[in-house]
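Note sheet for the following structure.
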Amino acid sequence: MARANAESVGVRGHAIGGLAKSVARPAYQRLLEAEPFLRRIVPALIITFLVVIGIGAVVQVHSHRQAVIDNAKDDLSLLALATAEGLSQRLGGNLARANQALQDSLPPRATLGGRRIYVTDPQGRILASAPQGLPAATTLADVLDPSQPLTVFAERAGVLEIPFGDDSALATVRNLNPPLGQIIYVQPMARALATWSESTTLTVTLFTTTGAVLLILGFSFHWQASRAREADHIYDTVRVRIDTALNRGRCGMWDWDMARGRMYWSDTMFEILGLDRRDDLLSFGDIAKLVHPDDVNLYELAQDLADRPGASVDRVFRMRTARGDFVWLRMRAEVVQQGGEDGPHLIGIAMDVTEAQRMAERTVTADTRLRDAIESISEAFVLWDSQNRLVLCNSKFQSLHELPDDAIQVGTSFDTIATVGRHPVTRTPLKPEDKPEEGSRAFEAQLSNGRWLKIAERRTKDGGYVSVGTDITPLKRHEERLMDNEKRLMALVADLRKSQQTLELQAQQLAELAEKYSEEKNRAEDANRAKSEFMANMSHELRTPLNAIIGFSEIMESGMFGPLGSEKYAEYCGDIKGSGTYLLDVINDILDMSKIEAGRMQLELEDVRLDEIVTDALRVMALKGQEKQISVTAEAGEGLAVRADKRALKQILLNLLSNAVKFTPEGGRIAIKARVNGGAAVIAIEDSGIGIAKHALAKLGRPFEQVESQFTKTHKGSGLGLAIAKSLTELHGGAMRIRSQEGVGTTVIIRLPLDGGAANSNETPRLTSVM
């Protein structure tokens, strides 16, 4: 079909038709010839096959139904005969045992398939039935119509199909020996045909499935045939258009079978070279004779491309025409690996570029002359297009801007050249009186190396502009020297005036600052002295009555001089004792803080074992920890010693442990770890308490500073415990750090030098934040 359509197109169809002829195989040609016959005969065969299969299925279903009914009748006859004989032997004349005798006489599987058995007396009353649980029936008339031949002829009537409720059934009747009457076997027709229904359903399903598959295959074949016809039509249309394009564009198609050395040419290739058209394939030697030997070697090209599927070729070469001259061709092709045994093919087109090649040669000659003329002028010359891209420049322009060779390629943008140049350009527009004529522009460009250019630009007809630069460096340098002298003179005068004003202002500010500093210093000394005197005076005045209050409350609580009376009095005594003790602790903390701030705290250094200090501190805090069910653990290796004040070190641990117990909820944990790291002892106290907010860490460690305010706090305390611990640590030359996270816990780390460090100095530690 494709071949017939190709021949009907005309002369222009020879180009692609010849290629199709060279590619097509005999088997494919035979398939194209047989396709119309197959398209007509296949649907008829499918329909005939389905009709034959359908008739066979109907006949088979009908025959199978009759066979099933016959088998069911035979089973009823045999079962009725076997049951009748067994019943006569087992009854023994006792009608009361009719049901039991019937059950004992039934053969195996007698009640399967919906079979029902009834036994009557000579008057037609039902004495027994099977299987058990049948609907109640009293007489034979309730089961069979009295007019049925079975009730009259019994076993002589055989097995008959009778009405049975809303359906039909198979039934047989046999006469029994007295005192029994008859035995009746009834099987519903639907139950008798159950196996036939299943096989019929399977047969219908297989027939339906087979028919659906064949119909789908037939539709697929019809759809594929339609698609093939549409593809043939598309092929014809595309082939005509490609032939037209090749003819009008002076392009020739190549299909080079590199494995066999054969090549297909389209008609346009013969037209370009002026050769007679040939239907057969060209040999490798025929093509090699026409190619100019200086341009391309076809043998080497074939060797290079043979093992490179997908490689592309873009070559310009000359080929000899029938007149003996040469034309320039540009071949663009790609190596395609054909299937089967065809091997690689080089497929592409060859375009006649003779005119373009001659134009390029003339353009190169004109461009060379223009470049020589521009290079001979003494000014810097550059030509830009309408999009500020470089078209042409001379070496003077390159040297002035110190541009590398790769930056002055044609098409480079102005911004790229300005960036790559070693000396950036600063443009200064000329004054109005120095402007050139209308349609041009001029400006002065200062290079970073100090050289000046006067650049004149003029627009070209295509929207670009040409620029010529003249070196005016000597003139600009003379002008700059005059302006520099004037600027230096004016700047000197301005600096002298500014310096005088600055000195006067600074002198006035220094006098004011000195006066304020003196006043503030006197105030601070007076306040500190007043505070120290107040604390010294209050220490005795507060501690003496507090001791008396605590002592008397202990006497009253113990009942030394007799009972107090009401239990409330004992409770009040306990409250007085607790409040007095708490107040005494606060006063002691304040006095210790005052000593440290006044620099009167003296350390008594000695060799102290860390494990003993940790054990003593835990013993003191054990009771408070047990009250809140807090787990307290300690890790301190034996023999770890540090030179420190034993009382101060113990106070540090007690203050930190007290805070940990105070802010750790019930069931929490506290861990103490002590170790030696380098030349220092490190003690870490870690708890699982409520934690401290990040913004509140900055103020901890200063006297009277607490995380909670006086109106919101939930724990008692003066805020001096942490400040005293930090100050005593710094007196030993150590440092304290706090890490905390809300809801997770807090870790306090104490670092003390092993040799006492700065503890011997009399410098008072600064009470600042620990962070």
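We name chains A, B, ... following the order of the structure tokens; residues begin at 1 in each chain, and ligands are numbered from 1 as shown.
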
- Query: DSSP says strand (DSSP E) for which residues of stretch 201-423 of chain A? Put them as a PyMOL selection string?
  - Reply: chain A and resi 251-257+262-265+282-283+312-320+326-337+344-352+380-384+390-393

- Task: Skip stretch 275-282 of chain A itself and residues of its chain fewer than 5 positions away, then list as an MDAnalysis selection string all residues within 7 Å of it, counting only C-alpha atoms.
- Result: chainID A and resid 18 262:264 267 270 322

Export of prior selection with all heavy atoms as a PDB file, in the first residue's frame:
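Full text of selection-v2.pdb as output:
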```pdb
ATOM      1  N   GLY A  18      12.357   6.459  -3.022  1.00  0.00           N
ATOM      2  CA  GLY A  18      13.578   5.667  -3.220  1.00  0.00           C
ATOM      3  C   GLY A  18      14.175   5.213  -1.913  1.00  0.00           C
ATOM      4  O   GLY A  18      14.654   4.089  -1.774  1.00  0.00           O
ATOM      5  N   ARG A 262      27.374   1.551   1.144  1.00  0.00           N
ATOM      6  CA  ARG A 262      26.391   2.030   0.192  1.00  0.00           C
ATOM      7  C   ARG A 262      25.777   3.319   0.692  1.00  0.00           C
ATOM      8  O   ARG A 262      25.690   3.552   1.909  1.00  0.00           O
ATOM      9  CB  ARG A 262      25.286   0.974  -0.011  1.00  0.00           C
ATOM     10  CG  ARG A 262      25.798  -0.363  -0.520  1.00  0.00           C
ATOM     11  CD  ARG A 262      24.659  -1.336  -0.681  1.00  0.00           C
ATOM     12  NE  ARG A 262      23.942  -1.530   0.597  1.00  0.00           N
ATOM     13  CZ  ARG A 262      22.849  -2.281   0.716  1.00  0.00           C
ATOM     14  NH1 ARG A 262      22.362  -2.894  -0.349  1.00  0.00           N
ATOM     15  NH2 ARG A 262      22.257  -2.407   1.884  1.00  0.00           N
ATOM     16  N   MET A 263      25.288   4.144  -0.261  1.00  0.00           N
ATOM     17  CA  MET A 263      24.758   5.441   0.125  1.00  0.00           C
ATOM     18  C   MET A 263      23.545   5.762  -0.740  1.00  0.00           C
ATOM     19  O   MET A 263      23.537   5.513  -1.946  1.00  0.00           O
ATOM     20  CB  MET A 263      25.822   6.542  -0.038  1.00  0.00           C
ATOM     21  CG  MET A 263      25.376   7.906   0.464  1.00  0.00           C
ATOM     22  SD  MET A 263      26.677   9.130   0.327  1.00  0.00           S
ATOM     23  CE  MET A 263      27.917   8.426   1.399  1.00  0.00           C
ATOM     24  N   TYR A 264      22.500   6.296  -0.074  1.00  0.00           N
ATOM     25  CA  TYR A 264      21.319   6.772  -0.786  1.00  0.00           C
ATOM     26  C   TYR A 264      21.386   8.286  -0.891  1.00  0.00           C
ATOM     27  O   TYR A 264      21.696   8.973   0.076  1.00  0.00           O
ATOM     28  CB  TYR A 264      20.042   6.350  -0.047  1.00  0.00           C
ATOM     29  CG  TYR A 264      18.832   7.142  -0.497  1.00  0.00           C
ATOM     30  CD1 TYR A 264      18.207   6.848  -1.706  1.00  0.00           C
ATOM     31  CD2 TYR A 264      18.357   8.201   0.276  1.00  0.00           C
ATOM     32  CE1 TYR A 264      17.127   7.595  -2.131  1.00  0.00           C
ATOM     33  CE2 TYR A 264      17.282   8.942  -0.144  1.00  0.00           C
ATOM     34  CZ  TYR A 264      16.664   8.646  -1.345  1.00  0.00           C
ATOM     35  OH  TYR A 264      15.606   9.396  -1.767  1.00  0.00           O
ATOM     36  N   ASP A 267      16.872  13.079  -4.888  1.00  0.00           N
ATOM     37  CA  ASP A 267      16.964  13.670  -6.224  1.00  0.00           C
ATOM     38  C   ASP A 267      17.640  15.020  -6.205  1.00  0.00           C
ATOM     39  O   ASP A 267      18.337  15.404  -7.145  1.00  0.00           O
ATOM     40  CB  ASP A 267      15.563  13.799  -6.821  1.00  0.00           C
ATOM     41  CG  ASP A 267      14.964  12.430  -7.110  1.00  0.00           C
ATOM     42  OD1 ASP A 267      15.725  11.447  -7.075  1.00  0.00           O
ATOM     43  OD2 ASP A 267      13.748  12.359  -7.355  1.00  0.00           O
ATOM     44  N   PHE A 270      21.412  15.040  -6.762  1.00  0.00           N
ATOM     45  CA  PHE A 270      21.806  14.951  -8.164  1.00  0.00           C
ATOM     46  C   PHE A 270      21.613  16.290  -8.885  1.00  0.00           C
ATOM     47  O   PHE A 270      22.413  16.675  -9.738  1.00  0.00           O
ATOM     48  CB  PHE A 270      20.997  13.852  -8.872  1.00  0.00           C
ATOM     49  CG  PHE A 270      21.302  12.467  -8.373  1.00  0.00           C
ATOM     50  CD1 PHE A 270      20.472  11.820  -7.469  1.00  0.00           C
ATOM     51  CD2 PHE A 270      22.453  11.808  -8.805  1.00  0.00           C
ATOM     52  CE1 PHE A 270      20.767  10.543  -7.021  1.00  0.00           C
ATOM     53  CE2 PHE A 270      22.743  10.532  -8.370  1.00  0.00           C
ATOM     54  CZ  PHE A 270      21.907   9.896  -7.473  1.00  0.00           C
ATOM     55  N   ALA A 322      28.932  18.139 -12.466  1.00  0.00           N
ATOM     56  CA  ALA A 322      29.071  17.546 -13.797  1.00  0.00           C
ATOM     57  C   ALA A 322      29.860  18.451 -14.744  1.00  0.00           C
ATOM     58  O   ALA A 322      30.458  17.969 -15.721  1.00  0.00           O
ATOM     59  CB  ALA A 322      27.680  17.248 -14.376  1.00  0.00           C
TER      60      ALA A 322
END
```

- Query: Interatomic distance between atom CA of A:Pro122 and atom CA of A:Phe153?
  - Reply: 14.3 Å

- Task: Check the DSSP output for the backbone and give back, as an MDAnalysis selection string, the residues of stretch 283-421 of chain A in helix (DSSP H, G or I).
- Result: chainID A and resid 284:290 298:305 354:376 395:401 405:408 414:420
